[in-house]
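S.K.: Got a structure for you, run_32.pdb, holding PDB, C-alpha atoms and all ligand atoms.
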MODEL        1
ATOM      1  CA  MET A 257      25.454 -20.848  27.036  1.00  0.00           C
ATOM      2  CA  ALA A 258      23.955 -19.008  24.048  1.00  0.00           C
ATOM      3  CA  ALA A 259      25.246 -19.423  20.493  1.00  0.00           C
ATOM      4  CA  ARG A 260      28.628 -17.906  19.729  1.00  0.00           C
ATOM      5  CA  HIS A 261      28.588 -14.830  17.523  1.00  0.00           C
ATOM      6  CA  PRO A 262      32.328 -14.245  17.001  1.00  0.00           C
ATOM      7  CA  VAL A 263      32.098 -11.875  14.028  1.00  0.00           C
ATOM      8  CA  PHE A 264      29.298  -9.802  15.557  1.00  0.00           C
ATOM      9  CA  ALA A 265      31.075  -9.801  18.943  1.00  0.00           C
ATOM     10  CA  LEU A 266      34.351  -8.536  17.487  1.00  0.00           C
ATOM     11  CA  THR A 267      32.566  -5.943  15.322  1.00  0.00           C
ATOM     12  CA  TYR A 268      30.489  -4.656  18.240  1.00  0.00           C
ATOM     13  CA  ASP A 269      33.539  -4.468  20.472  1.00  0.00           C
ATOM     14  CA  LEU A 270      35.351  -2.395  17.843  1.00  0.00           C
ATOM     15  CA  LEU A 271      32.408  -0.075  17.078  1.00  0.00           C
ATOM     16  CA  ALA A 272      31.103   0.486  20.618  1.00  0.00           C
ATOM     17  CA  PRO A 273      33.732   3.065  21.699  1.00  0.00           C
ATOM     18  CA  GLY A 274      32.869   5.251  18.690  1.00  0.00           C
ATOM     19  CA  MET A 275      29.133   4.940  19.413  1.00  0.00           C
ATOM     20  CA  ASP A 276      29.763   5.907  23.028  1.00  0.00           C
ATOM     21  CA  ALA A 277      31.803   8.930  21.954  1.00  0.00           C
ATOM     22  CA  ALA A 278      28.971   9.927  19.582  1.00  0.00           C
ATOM     23  CA  GLY A 279      26.428  10.052  22.422  1.00  0.00           C
ATOM     24  CA  ALA A 280      25.746   6.522  23.643  1.00  0.00           C
ATOM     25  CA  GLY A 281      28.130   7.150  26.557  1.00  0.00           C
ATOM     26  CA  GLU A 282      25.883   9.976  27.740  1.00  0.00           C
ATOM     27  CA  HIS A 283      22.872   7.650  27.413  1.00  0.00           C
ATOM     28  CA  ARG A 284      24.705   5.105  29.568  1.00  0.00           C
ATOM     29  CA  ARG A 285      25.404   7.792  32.187  1.00  0.00           C
ATOM     30  CA  ARG A 286      21.702   8.709  32.310  1.00  0.00           C
ATOM     31  CA  LEU A 287      20.696   5.031  32.348  1.00  0.00           C
ATOM     32  CA  LEU A 288      22.706   4.334  35.496  1.00  0.00           C
ATOM     33  CA  ALA A 289      22.536   7.700  37.327  1.00  0.00           C
ATOM     34  CA  GLY A 290      21.351   7.462  40.921  1.00  0.00           C
ATOM     35  CA  LEU A 291      21.663   3.688  41.261  1.00  0.00           C
ATOM     36  CA  SER A 292      22.840   2.116  44.495  1.00  0.00           C
ATOM     37  CA  GLY A 293      23.076  -1.296  46.141  1.00  0.00           C
ATOM     38  CA  ARG A 294      22.980  -4.507  44.115  1.00  0.00           C
ATOM     39  CA  VAL A 295      22.571  -4.530  40.339  1.00  0.00           C
ATOM     40  CA  VAL A 296      22.092  -7.269  37.765  1.00  0.00           C
ATOM     41  CA  GLU A 297      23.150  -6.162  34.278  1.00  0.00           C
ATOM     42  CA  VAL A 298      21.720  -8.465  31.613  1.00  0.00           C
ATOM     43  CA  GLY A 299      23.717  -9.020  28.404  1.00  0.00           C
ATOM     44  CA  ALA A 300      26.598  -6.805  29.484  1.00  0.00           C
ATOM     45  CA  GLY A 301      28.547  -7.254  26.240  1.00  0.00           C
ATOM     46  CA  PRO A 302      32.108  -5.899  26.512  1.00  0.00           C
ATOM     47  CA  GLY A 303      31.238  -3.992  29.696  1.00  0.00           C
ATOM     48  CA  ARG A 304      30.750  -0.506  28.261  1.00  0.00           C
ATOM     49  CA  ASN A 305      28.424   0.385  31.161  1.00  0.00           C
ATOM     50  CA  PHE A 306      30.805  -0.512  33.967  1.00  0.00           C
ATOM     51  CA  SER A 307      32.601   2.835  34.166  1.00  0.00           C
ATOM     52  CA  TRP A 308      29.258   4.659  34.493  1.00  0.00           C
ATOM     53  CA  TYR A 309      28.028   2.964  37.691  1.00  0.00           C
ATOM     54  CA  PRO A 310      27.878   5.432  40.595  1.00  0.00           C
ATOM     55  CA  PRO A 311      30.062   4.592  43.637  1.00  0.00           C
ATOM     56  CA  GLU A 312      26.891   3.929  45.687  1.00  0.00           C
ATOM     57  CA  VAL A 313      26.494   0.691  43.691  1.00  0.00           C
ATOM     58  CA  ARG A 314      27.861  -2.038  45.974  1.00  0.00           C
ATOM     59  CA  GLN A 315      27.905  -4.973  43.572  1.00  0.00           C
ATOM     60  CA  VAL A 316      27.089  -5.653  39.918  1.00  0.00           C
ATOM     61  CA  VAL A 317      26.422  -9.134  38.560  1.00  0.00           C
ATOM     62  CA  ALA A 318      26.996  -8.811  34.816  1.00  0.00           C
ATOM     63  CA  VAL A 319      25.474 -11.701  32.854  1.00  0.00           C
ATOM     64  CA  GLU A 320      26.934 -12.298  29.385  1.00  0.00           C
ATOM     65  CA  PRO A 321      26.516 -15.470  27.287  1.00  0.00           C
ATOM     66  CA  GLU A 322      28.875 -14.707  24.376  1.00  0.00           C
ATOM     67  CA  PRO A 323      32.400 -15.977  25.170  1.00  0.00           C
ATOM     68  CA  TYR A 324      34.445 -13.243  23.438  1.00  0.00           C
ATOM     69  CA  LEU A 325      32.291 -10.442  24.869  1.00  0.00           C
ATOM     70  CA  ARG A 326      32.407 -12.072  28.291  1.00  0.00           C
ATOM     71  CA  ARG A 327      36.213 -12.014  28.178  1.00  0.00           C
ATOM     72  CA  ARG A 328      36.092  -8.321  27.227  1.00  0.00           C
ATOM     73  CA  ALA A 329      33.646  -7.697  30.089  1.00  0.00           C
ATOM     74  CA  LEU A 330      36.022  -9.431  32.506  1.00  0.00           C
ATOM     75  CA  HIS A 331      38.775  -7.082  31.369  1.00  0.00           C
ATOM     76  CA  ALA A 332      36.496  -4.046  31.845  1.00  0.00           C
ATOM     77  CA  ALA A 333      35.458  -5.346  35.283  1.00  0.00           C
ATOM     78  CA  GLY A 334      39.127  -5.392  36.302  1.00  0.00           C
ATOM     79  CA  GLN A 335      39.310  -1.655  35.632  1.00  0.00           C
ATOM     80  CA  SER A 336      35.959  -0.766  37.204  1.00  0.00           C
ATOM     81  CA  LEU A 337      35.735   1.279  40.400  1.00  0.00           C
ATOM     82  CA  VAL A 338      32.642  -0.654  41.493  1.00  0.00           C
ATOM     83  CA  SER A 339      32.696  -4.391  42.157  1.00  0.00           C
ATOM     84  CA  VAL A 340      31.566  -6.301  39.043  1.00  0.00           C
ATOM     85  CA  ASP A 341      31.188 -10.092  38.836  1.00  0.00           C
ATOM     86  CA  VAL A 342      30.987 -11.229  35.207  1.00  0.00           C
ATOM     87  CA  VAL A 343      29.111 -14.512  34.826  1.00  0.00           C
ATOM     88  CA  ASP A 344      27.979 -16.795  32.027  1.00  0.00           C
ATOM     89  CA  GLY A 345      24.216 -17.006  31.607  1.00  0.00           C
ATOM     90  CA  VAL A 346      21.205 -15.924  29.598  1.00  0.00           C
ATOM     91  CA  ALA A 347      18.426 -13.432  30.248  1.00  0.00           C
ATOM     92  CA  GLU A 348      15.832 -16.191  30.108  1.00  0.00           C
ATOM     93  CA  ALA A 349      17.412 -18.062  33.090  1.00  0.00           C
ATOM     94  CA  LEU A 350      19.345 -15.566  35.199  1.00  0.00           C
ATOM     95  CA  PRO A 351      21.847 -17.159  37.602  1.00  0.00           C
ATOM     96  CA  VAL A 352      20.641 -14.933  40.459  1.00  0.00           C
ATOM     97  CA  ALA A 353      18.455 -15.652  43.508  1.00  0.00           C
ATOM     98  CA  ASP A 354      14.886 -14.360  43.824  1.00  0.00           C
ATOM     99  CA  GLY A 355      14.713 -10.738  44.991  1.00  0.00           C
ATOM    100  CA  TRP A 356      18.512 -10.330  45.191  1.00  0.00           C
ATOM    101  CA  ALA A 357      18.804  -7.161  43.102  1.00  0.00           C
ATOM    102  CA  ASP A 358      17.838  -3.578  43.843  1.00  0.00           C
ATOM    103  CA  THR A 359      17.951  -2.884  40.105  1.00  0.00           C
ATOM    104  CA  VAL A 360      18.072  -4.848  36.857  1.00  0.00           C
ATOM    105  CA  VAL A 361      19.662  -3.117  33.848  1.00  0.00           C
ATOM    106  CA  PHE A 362      19.039  -3.826  30.154  1.00  0.00           C
ATOM    107  CA  ALA A 363      21.127  -1.893  27.612  1.00  0.00           C
ATOM    108  CA  LEU A 364      20.724  -2.633  23.914  1.00  0.00           C
ATOM    109  CA  VAL A 365      19.919  -6.246  24.684  1.00  0.00           C
ATOM    110  CA  LEU A 366      16.152  -6.836  24.509  1.00  0.00           C
ATOM    111  CA  CYS A 367      16.491  -6.673  20.713  1.00  0.00           C
ATOM    112  CA  SER A 368      18.696  -9.766  20.860  1.00  0.00           C
ATOM    113  CA  VAL A 369      17.319 -12.078  23.528  1.00  0.00           C
ATOM    114  CA  ALA A 370      15.545 -15.153  22.198  1.00  0.00           C
ATOM    115  CA  ASP A 371      12.466 -14.716  24.423  1.00  0.00           C
ATOM    116  CA  PRO A 372      11.865 -11.134  25.655  1.00  0.00           C
ATOM    117  CA  ASP A 373       8.802 -12.081  27.771  1.00  0.00           C
ATOM    118  CA  ARG A 374      10.793 -14.794  29.539  1.00  0.00           C
ATOM    119  CA  ALA A 375      13.675 -12.322  30.054  1.00  0.00           C
ATOM    120  CA  LEU A 376      11.349  -9.785  31.700  1.00  0.00           C
ATOM    121  CA  ALA A 377       9.762 -12.488  33.870  1.00  0.00           C
ATOM    122  CA  GLU A 378      13.290 -13.337  35.042  1.00  0.00           C
ATOM    123  CA  ALA A 379      14.075  -9.664  35.691  1.00  0.00           C
ATOM    124  CA  ARG A 380      10.928  -9.437  37.808  1.00  0.00           C
ATOM    125  CA  ARG A 381      11.932 -12.557  39.730  1.00  0.00           C
ATOM    126  CA  VAL A 382      15.428 -11.339  40.635  1.00  0.00           C
ATOM    127  CA  VAL A 383      14.548  -7.727  41.530  1.00  0.00           C
ATOM    128  CA  ARG A 384      13.263  -7.112  45.065  1.00  0.00           C
ATOM    129  CA  PRO A 385       9.726  -5.789  45.622  1.00  0.00           C
ATOM    130  CA  GLY A 386       9.899  -2.036  45.027  1.00  0.00           C
ATOM    131  CA  GLY A 387      13.126  -2.474  43.063  1.00  0.00           C
ATOM    132  CA  ALA A 388      13.858  -0.877  39.717  1.00  0.00           C
ATOM    133  CA  LEU A 389      14.382  -1.726  36.092  1.00  0.00           C
ATOM    134  CA  ARG A 390      16.504   0.598  33.944  1.00  0.00           C
ATOM    135  CA  PHE A 391      16.421   0.211  30.167  1.00  0.00           C
ATOM    136  CA  TYR A 392      18.081   1.689  27.086  1.00  0.00           C
ATOM    137  CA  GLU A 393      16.995   0.009  23.860  1.00  0.00           C
ATOM    138  CA  HIS A 394      16.426   0.578  20.173  1.00  0.00           C
ATOM    139  CA  VAL A 395      12.824  -0.060  19.183  1.00  0.00           C
ATOM    140  CA  ALA A 396      10.346  -0.251  16.301  1.00  0.00           C
ATOM    141  CA  ALA A 397      10.186   3.046  14.367  1.00  0.00           C
ATOM    142  CA  ASP A 398       7.241   5.462  14.463  1.00  0.00           C
ATOM    143  CA  SER A 399       6.593   5.707  10.727  1.00  0.00           C
ATOM    144  CA  PRO A 400       4.704   2.889   8.957  1.00  0.00           C
ATOM    145  CA  GLY A 401       7.290   2.891   6.152  1.00  0.00           C
ATOM    146  CA  TRP A 402      10.234   2.312   8.464  1.00  0.00           C
ATOM    147  CA  ARG A 403       8.268  -0.254  10.467  1.00  0.00           C
ATOM    148  CA  ARG A 404       7.643  -2.213   7.271  1.00  0.00           C
ATOM    149  CA  ALA A 405      11.349  -1.944   6.387  1.00  0.00           C
ATOM    150  CA  GLN A 406      12.224  -3.242   9.860  1.00  0.00           C
ATOM    151  CA  GLN A 407       9.880  -6.223   9.472  1.00  0.00           C
ATOM    152  CA  ILE A 408      11.573  -7.104   6.191  1.00  0.00           C
ATOM    153  CA  ALA A 409      15.061  -6.570   7.644  1.00  0.00           C
ATOM    154  CA  ASP A 410      14.255  -8.856  10.564  1.00  0.00           C
ATOM    155  CA  ARG A 411      14.123 -11.800   8.161  1.00  0.00           C
ATOM    156  CA  VAL A 412      17.934 -11.623   7.797  1.00  0.00           C
ATOM    157  CA  TRP A 413      19.325  -9.015  10.230  1.00  0.00           C
ATOM    158  CA  PRO A 414      19.289 -11.296  13.309  1.00  0.00           C
ATOM    159  CA  ARG A 415      21.522 -13.772  11.457  1.00  0.00           C
ATOM    160  CA  VAL A 416      24.264 -11.214  10.848  1.00  0.00           C
ATOM    161  CA  ALA A 417      23.861  -9.076  13.967  1.00  0.00           C
ATOM    162  CA  GLY A 418      24.063 -11.538  16.836  1.00  0.00           C
ATOM    163  CA  GLY A 419      20.306 -12.129  17.041  1.00  0.00           C
ATOM    164  CA  CYS A 420      19.366  -8.419  16.978  1.00  0.00           C
ATOM    165  CA  HIS A 421      15.801  -7.604  15.839  1.00  0.00           C
ATOM    166  CA  THR A 422      14.908  -4.125  14.655  1.00  0.00           C
ATOM    167  CA  HIS A 423      11.100  -4.282  15.012  1.00  0.00           C
ATOM    168  CA  ARG A 424      10.538  -4.933  18.719  1.00  0.00           C
ATOM    169  CA  ASP A 425       8.562  -3.053  21.372  1.00  0.00           C
ATOM    170  CA  PRO A 426      10.453  -3.645  24.632  1.00  0.00           C
ATOM    171  CA  VAL A 427       8.386  -1.099  26.585  1.00  0.00           C
ATOM    172  CA  ALA A 428       5.252  -3.154  25.919  1.00  0.00           C
ATOM    173  CA  THR A 429       7.154  -6.250  27.050  1.00  0.00           C
ATOM    174  CA  ILE A 430       8.259  -4.478  30.242  1.00  0.00           C
ATOM    175  CA  ARG A 431       4.675  -3.440  31.032  1.00  0.00           C
ATOM    176  CA  ARG A 432       3.334  -6.908  30.195  1.00  0.00           C
ATOM    177  CA  ALA A 433       5.705  -8.360  32.796  1.00  0.00           C
ATOM    178  CA  GLY A 434       4.027  -6.276  35.504  1.00  0.00           C
ATOM    179  CA  PHE A 435       6.517  -3.396  35.818  1.00  0.00           C
ATOM    180  CA  HIS A 436       5.220   0.170  36.187  1.00  0.00           C
ATOM    181  CA  VAL A 437       7.057   2.498  33.786  1.00  0.00           C
ATOM    182  CA  ASP A 438       8.019   5.667  35.713  1.00  0.00           C
ATOM    183  CA  THR A 439      10.079   7.551  33.127  1.00  0.00           C
ATOM    184  CA  LEU A 440      10.314   7.096  29.380  1.00  0.00           C
ATOM    185  CA  ASP A 441      12.368   9.138  26.914  1.00  0.00           C
ATOM    186  CA  ARG A 442      12.033   8.342  23.195  1.00  0.00           C
ATOM    187  CA  PHE A 443      14.544   9.808  20.735  1.00  0.00           C
ATOM    188  CA  ALA A 444      16.479   9.286  17.524  1.00  0.00           C
ATOM    189  CA  PHE A 445      20.111   8.265  17.802  1.00  0.00           C
ATOM    190  CA  PRO A 446      22.466   9.159  16.213  1.00  0.00           C
ATOM    191  CA  PRO A 447      20.831  12.602  16.473  1.00  0.00           C
ATOM    192  CA  GLY A 448      19.830  14.523  13.348  1.00  0.00           C
ATOM    193  CA  ARG A 449      19.788  11.455  11.123  1.00  0.00           C
ATOM    194  CA  GLY A 450      16.006  10.980  11.252  1.00  0.00           C
ATOM    195  CA  ALA A 451      14.460   7.542  11.092  1.00  0.00           C
ATOM    196  CA  GLY A 452      16.406   4.388  10.316  1.00  0.00           C
ATOM    197  CA  LEU A 453      16.420   0.678  11.005  1.00  0.00           C
ATOM    198  CA  VAL A 454      17.959   0.996  14.480  1.00  0.00           C
ATOM    199  CA  SER A 455      17.734   4.701  15.239  1.00  0.00           C
ATOM    200  CA  THR A 456      14.590   4.999  17.393  1.00  0.00           C
ATOM    201  CA  HIS A 457      15.636   4.559  21.015  1.00  0.00           C
ATOM    202  CA  VAL A 458      13.992   4.503  24.423  1.00  0.00           C
ATOM    203  CA  LEU A 459      15.652   5.217  27.760  1.00  0.00           C
ATOM    204  CA  GLY A 460      13.701   4.876  30.965  1.00  0.00           C
ATOM    205  CA  SER A 461      13.000   3.363  34.329  1.00  0.00           C
ATOM    206  CA  ALA A 462      10.319   1.060  35.658  1.00  0.00           C
ATOM    207  CA  ARG A 463       9.482  -0.334  39.057  1.00  0.00           C
ATOM    208  CA  ARG A 464       8.286  -3.567  40.589  1.00  0.00           C
ATOM    209  CA  ASP A 465       5.384  -2.872  42.958  1.00  0.00           C
ATOM    210  CA  PRO A 466       6.520  -2.489  46.612  1.00  0.00           C
ATOM    211  CA  ASP A 467       4.324  -5.245  48.038  1.00  0.00           C
ATOM    212  CA  GLY A 468       5.707  -7.581  45.407  1.00  0.00           C
ATOM    213  CA  VAL A 469       2.388  -9.247  44.757  1.00  0.00           C
ATOM    214  CA  THR A 470       1.010  -7.438  41.715  1.00  0.00           C
ATOM    215  CA  GLY A 471       2.187  -9.476  38.785  1.00  0.00           C
ATOM    216  CA  PRO A 472       1.531  -9.444  35.076  1.00  0.00           C
ATOM    217  CA  PRO A 473      -2.058  -9.687  33.807  1.00  0.00           C
ATOM    218  CA  GLY A 474      -3.396 -13.179  34.394  1.00  0.00           C
ATOM    219  CA  THR A 475      -1.741 -13.555  37.789  1.00  0.00           C
ATOM    220  CA  HIS A 476      -3.067 -13.153  41.316  1.00  0.00           C
ATOM    221  CA  ALA A 477      -1.564 -12.815  44.783  1.00  0.00           C
ATOM    222  CA  THR A 478      -1.506 -15.705  47.244  1.00  0.00           C
ATOM    223  CA  GLU A 479       0.164 -16.056  50.644  1.00  0.00           C
ATOM    224  CA  ALA A 480       3.032 -17.836  48.916  1.00  0.00           C
ATOM    225  CA  GLY A 481       3.511 -15.024  46.387  1.00  0.00           C
ATOM    226  CA  THR A 482       2.201 -14.364  42.922  1.00  0.00           C
ATOM    227  CA  GLN A 483       0.849 -17.330  40.986  1.00  0.00           C
ATOM    228  CA  VAL A 484      -0.125 -17.682  37.368  1.00  0.00           C
ATOM    229  CA  ASP A 485      -3.877 -18.281  37.044  1.00  0.00           C
TER     230      ASP A 485
HETATM  231  C1  LIG A 501      24.260  -5.053  21.145  1.00  0.00           C
HETATM  232  S1  LIG A 501      25.041  -5.973  22.392  1.00  0.00           S
HETATM  233  C2  LIG A 501      24.875  -4.852  23.794  1.00  0.00           C
HETATM  234  C3  LIG A 501      25.909  -5.116  24.842  1.00  0.00           C
HETATM  235  C4  LIG A 501      25.847  -4.213  26.080  1.00  0.00           C
HETATM  236  N1  LIG A 501      24.620  -4.400  26.823  1.00  0.00           N
HETATM  237  C5  LIG A 501      26.021  -2.752  25.734  1.00  0.00           C
HETATM  238  O1  LIG A 501      25.207  -1.939  26.164  1.00  0.00           O
HETATM  239  O2  LIG A 501      26.994  -2.428  25.062  1.00  0.00           O
HETATM  240  C6  LIG A 501      23.822  -7.219  22.753  1.00  0.00           C
HETATM  241  C7  LIG A 501      24.251  -8.142  23.870  1.00  0.00           C
HETATM  242  O3  LIG A 501      23.175  -9.035  24.227  1.00  0.00           O
HETATM  243  C8  LIG A 501      23.751 -10.287  24.502  1.00  0.00           C
HETATM  244  N2  LIG A 501      22.697 -11.329  24.422  1.00  0.00           N
HETATM  245  C9  LIG A 501      22.149 -11.871  23.320  1.00  0.00           C
HETATM  246  N3  LIG A 501      21.233 -12.789  23.670  1.00  0.00           N
HETATM  247  C10 LIG A 501      21.198 -12.827  25.024  1.00  0.00           C
HETATM  248  C11 LIG A 501      20.458 -13.573  25.976  1.00  0.00           C
HETATM  249  N4  LIG A 501      19.539 -14.466  25.611  1.00  0.00           N
HETATM  250  N5  LIG A 501      20.707 -13.348  27.287  1.00  0.00           N
HETATM  251  C12 LIG A 501      21.622 -12.432  27.667  1.00  0.00           C
HETATM  252  N6  LIG A 501      22.347 -11.681  26.813  1.00  0.00           N
HETATM  253  C13 LIG A 501      22.140 -11.889  25.502  1.00  0.00           C
HETATM  254  C14 LIG A 501      24.837 -10.429  23.484  1.00  0.00           C
HETATM  255  O4  LIG A 501      25.754 -11.450  23.786  1.00  0.00           O
HETATM  256  C15 LIG A 501      25.434  -9.029  23.533  1.00  0.00           C
HETATM  257  O5  LIG A 501      26.374  -8.911  24.546  1.00  0.00           O
ENDMDL
END
How would this structure read if it were set down as structure tokens?

M.R.:
Amino acid sequence: MAARHPVFALTYDLLAPGMDAAGAGEHRRRLLAGLSGRVVEVGAGPGRNFSWYPPEVRQVVAVEPEPYLRRRALHAAGQSLVSVDVVDGVAEALPVADGWADTVVFALVLCSVADPDRALAEARRVVRPGGALRFYEHVAADSPGWRRAQQIADRVWPRVAGGCHTHRDPVATIRRAGFHVDTLDRFAFPPGRGAGLVSTHVLGSARRDPDGVTGPPGTHATEAGTQVD
């Protein structure tokens, strides 16, 4: 569905185990702790999250557009203790019915999607009222100097890193979509290295309102649901 990124896909697949051993695995554990029921994982890559889903998770739909990574995810799904369906698709048009999911998961993916606002609108559509969003992302740095460096890097970095942008603010995007952020941890990773192009991370959870009618700013509730004004 999305463009192929064979070099990035192979590189990421090779580097991801080392990143997980260096601490990203622990972030994945925290990201997914306590989940249950039905989960949509957006941009699942090679499936590095699958082994961290708790047994209370009944079904995962793992959406992955890149063909090589999707094949790797299929392999990981075959070894997973929870049921994982790996499907082709993009964040901006999730192949999932309205309100199907108890939780939508984004891990290191909102940097890469073509349209983050559209992706969050889709997440809000597929999660049930009162359902959750879990996110683990690298974000724009705190210091003005590093932010400027990220803006410059983003002129070329997406072309060599599978569409990844370094200077994004996914938490703002999540809030703009009408999710309420419940928990938010912000930290440098790898630890002890200080600032860098992709070292500032956020890990947190957000929630869709239980009545399902409060939408993003500029929307209002009707009997048929939430409509854009
Ligand atoms: C850095 S990798 C992260 C993979 C995985 N989520 C993880 O935690 O290891 C970024 C992923 O986002 C995927 N991606 C890029 N654009 C996407 C889009 N528009 N919709 C869904 N996934 C996308 C890529 O194919 C890739 O698998």

S.K.: Applying 7 Å and all atoms listed in the file, which residues near range 410-423 of chain A remain after dropping the ones on its own chain fewer than 6 positions away? List them as a compact mmCIF listing (two decimals) with C-alpha atoms, keeping the file's coordinate frame.

M.R.:
# COMPACT_ATOMS: atom_id res chain seq x y z
CA HIS A 261 28.59 -14.83 17.52
CA PHE A 264 29.30 -9.80 15.56
CA CYS A 367 16.49 -6.67 20.71
CA SER A 368 18.70 -9.77 20.86
CA VAL A 395 12.82 -0.06 19.18
CA ALA A 396 10.35 -0.25 16.30
CA ARG A 403 8.27 -0.25 10.47
CA LEU A 453 16.42 0.68 11.00
CA VAL A 454 17.96 1.00 14.48

S.K.: What's the 12 Å shell around Ala428 in chain A, counting only C-alpha atoms, without same-chain residues fewer than 4 positions away, as a list in words?

M.R.: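 Residues near the query, excluding close chain neighbours: Leu366, Pro372, Asp373, Leu376, Val395, Ala396, Arg424, Arg432, Ala433, Gly434, Phe435, His436, Val437, Leu440, Val458, Ala462 and Pro472 of chain A.
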
S.K.: Can you spit out the residues from that selection as a short mmCIF file (atom, residue, chain, number, x, y, z; two decimals), in the coordinates of the input, using C-alpha atoms?

M.R.:
data_model
loop_
_atom_site.label_atom_id
_atom_site.label_comp_id
_atom_site.auth_asym_id
_atom_site.auth_seq_id
_atom_site.Cartn_x
_atom_site.Cartn_y
_atom_site.Cartn_z
CA LEU A 366 16.15 -6.84 24.51
CA PRO A 372 11.86 -11.13 25.66
CA ASP A 373 8.80 -12.08 27.77
CA LEU A 376 11.35 -9.78 31.70
CA VAL A 395 12.82 -0.06 19.18
CA ALA A 396 10.35 -0.25 16.30
CA ARG A 424 10.54 -4.93 18.72
CA ARG A 432 3.33 -6.91 30.20
CA ALA A 433 5.70 -8.36 32.80
CA GLY A 434 4.03 -6.28 35.50
CA PHE A 435 6.52 -3.40 35.82
CA HIS A 436 5.22 0.17 36.19
CA VAL A 437 7.06 2.50 33.79
CA LEU A 440 10.31 7.10 29.38
CA VAL A 458 13.99 4.50 24.42
CA ALA A 462 10.32 1.06 35.66
CA PRO A 472 1.53 -9.44 35.08
#

S.K.: Using all atoms listed in the file for the distances, tell me which of A:Gln335, A:Asn305, A:Gln315, A:Thr267 is nearest to ligand LIG 501 (chain A).

M.R.: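 Comparing A:Gln335, A:Asn305, A:Gln315, A:Thr267 against ligand LIG 501 (chain A), the winner is A:Asn305.
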
S.K.: Find the residue from A:Ala353, A:Leu459, A:Ala272, A:Val383 that sits nearest to ligand LIG 501 (chain A); use only C-alpha atoms and all ligand atoms when measuring.

M.R.: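 Of A:Ala353, A:Leu459, A:Ala272, A:Val383, the one nearest ligand LIG 501 (chain A) is A:Ala272, counting only C-alpha atoms and all ligand atoms.
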
S.K.: I need the residue nearest ligand LIG 501 (chain A) from this list: A:Ser307, A:Gln407, A:Ser461, A:Thr439. Use all atoms listed in the file for the distance.

M.R.: A:Ser307

S.K.: Select, from A:Glu322, A:Asp425, A:Glu297, A:Asp354, the residue with the minimum atom-to-atom distance to Arg381 in chain A, counting all atoms listed in the file.

M.R.: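 The closest residue to Arg381 in chain A is A:Asp354.
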
S.K.: Please indicate the distance in Å from CA of Pro302 in chain A to atom C2 of ligand LIG 501 (chain A), rounded to one decimal place.

M.R.: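 One can read the CA of Pro302 in chain A to atom C2 of ligand LIG 501 (chain A) distance as 7.8 Å.
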
S.K.: Please, what distance in Å, to one decimal, runs between atom C8 of ligand LIG 501 (chain A) and CA of Val365 in chain A?

M.R.: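 Computed distance, atom C8 of ligand LIG 501 (chain A) to CA of Val365 in chain A, equals 5.6 Å.
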
S.K.: For ligand LIG 501 (chain A), take all atoms listed in the file, fit an axis-aligned box around them, add 4 Å to each of the six sides, then output centre and edge lengths in Å rounded to one decimal, as JSON.

M.R.:
{"center_x": 23.3, "center_y": -8.2, "center_z": 24.4, "size_x": 15.5, "size_y": 20.5, "size_z": 14.5}

S.K.: Please build the interface table for range 313-426 of chain A against range 441-452 of chain A with a cut-off of 10 Å, listing for each qualifying residue the nearest atom pair and the distance in Å to one decimal; count only C-alpha atoms, order rows by chain and increasing number, and write it as JSON lines.

M.R.:
{"residue": "A:Tyr392", "atom": "CA", "partner": "A:Asp441", "partner_atom": "CA", "distance": 9.4}
{"residue": "A:Glu393", "atom": "CA", "partner": "A:Arg442", "partner_atom": "CA", "distance": 9.7}
{"residue": "A:His394", "atom": "CA", "partner": "A:Phe445", "partner_atom": "CA", "distance": 8.8}
{"residue": "A:Val395", "atom": "CA", "partner": "A:Arg442", "partner_atom": "CA", "distance": 9.3}
{"residue": "A:Ala396", "atom": "CA", "partner": "A:Gly452", "partner_atom": "CA", "distance": 9.7}
{"residue": "A:Ala397", "atom": "CA", "partner": "A:Ala451", "partner_atom": "CA", "distance": 7.0}
{"residue": "A:Asp398", "atom": "CA", "partner": "A:Ala451", "partner_atom": "CA", "distance": 8.2}
{"residue": "A:Ser399", "atom": "CA", "partner": "A:Ala451", "partner_atom": "CA", "distance": 8.1}
{"residue": "A:Gly401", "atom": "CA", "partner": "A:Ala451", "partner_atom": "CA", "distance": 9.9}
{"residue": "A:Trp402", "atom": "CA", "partner": "A:Gly452", "partner_atom": "CA", "distance": 6.8}
{"residue": "A:Arg403", "atom": "CA", "partner": "A:Gly452", "partner_atom": "CA", "distance": 9.4}
{"residue": "A:Ala405", "atom": "CA", "partner": "A:Gly452", "partner_atom": "CA", "distance": 9.0}
{"residue": "A:Gln406", "atom": "CA", "partner": "A:Gly452", "partner_atom": "CA", "distance": 8.7}
{"residue": "A:Thr422", "atom": "CA", "partner": "A:Gly452", "partner_atom": "CA", "distance": 9.7}

S.K.: Pick out the residues no farther than 6 Å from ligand LIG 501 (chain A), counting all atoms listed in the file, and list them as a list of chain:residue names.

M.R.: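 Listing the residues within 6 Å of ligand LIG 501 (chain A) gives A:Val298, A:Gly299, A:Ala300, A:Gly301, A:Arg304, A:Glu320, A:Pro321, A:Glu322, A:Val346, A:Ala347, A:Ala363, A:Leu364, A:Val365, A:Ser368, A:Val369, A:Ala370.
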
S.K.: As a check of understanding, name the residues that the PyMOL selection byres (((chain A and resi 292) around 7) and not hetatm) selects in the supplied structure, as a list of chain:residue names.

M.R.: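 That selection, the PyMOL selection byres (((chain A and resi 292) around 7) and not hetatm), comes back as A:Gly290, A:Leu291, A:Gly293, A:Arg294, A:Glu312, A:Val313, A:Arg314.
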
S.K.: Report, in Å to a single decimal, how far apart CA of Leu288 in chain A and CA of Tyr309 in chain A are.

M.R.: 5.9 Å

S.K.: Restricting the calculation to only C-alpha atoms, which member of A:Ala265, A:Leu271, A:Val296, A:Ala332 is positioned closest to Phe362 in chain A?

M.R.: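 For Phe362 in chain A, the nearest of the given residues is A:Val296.
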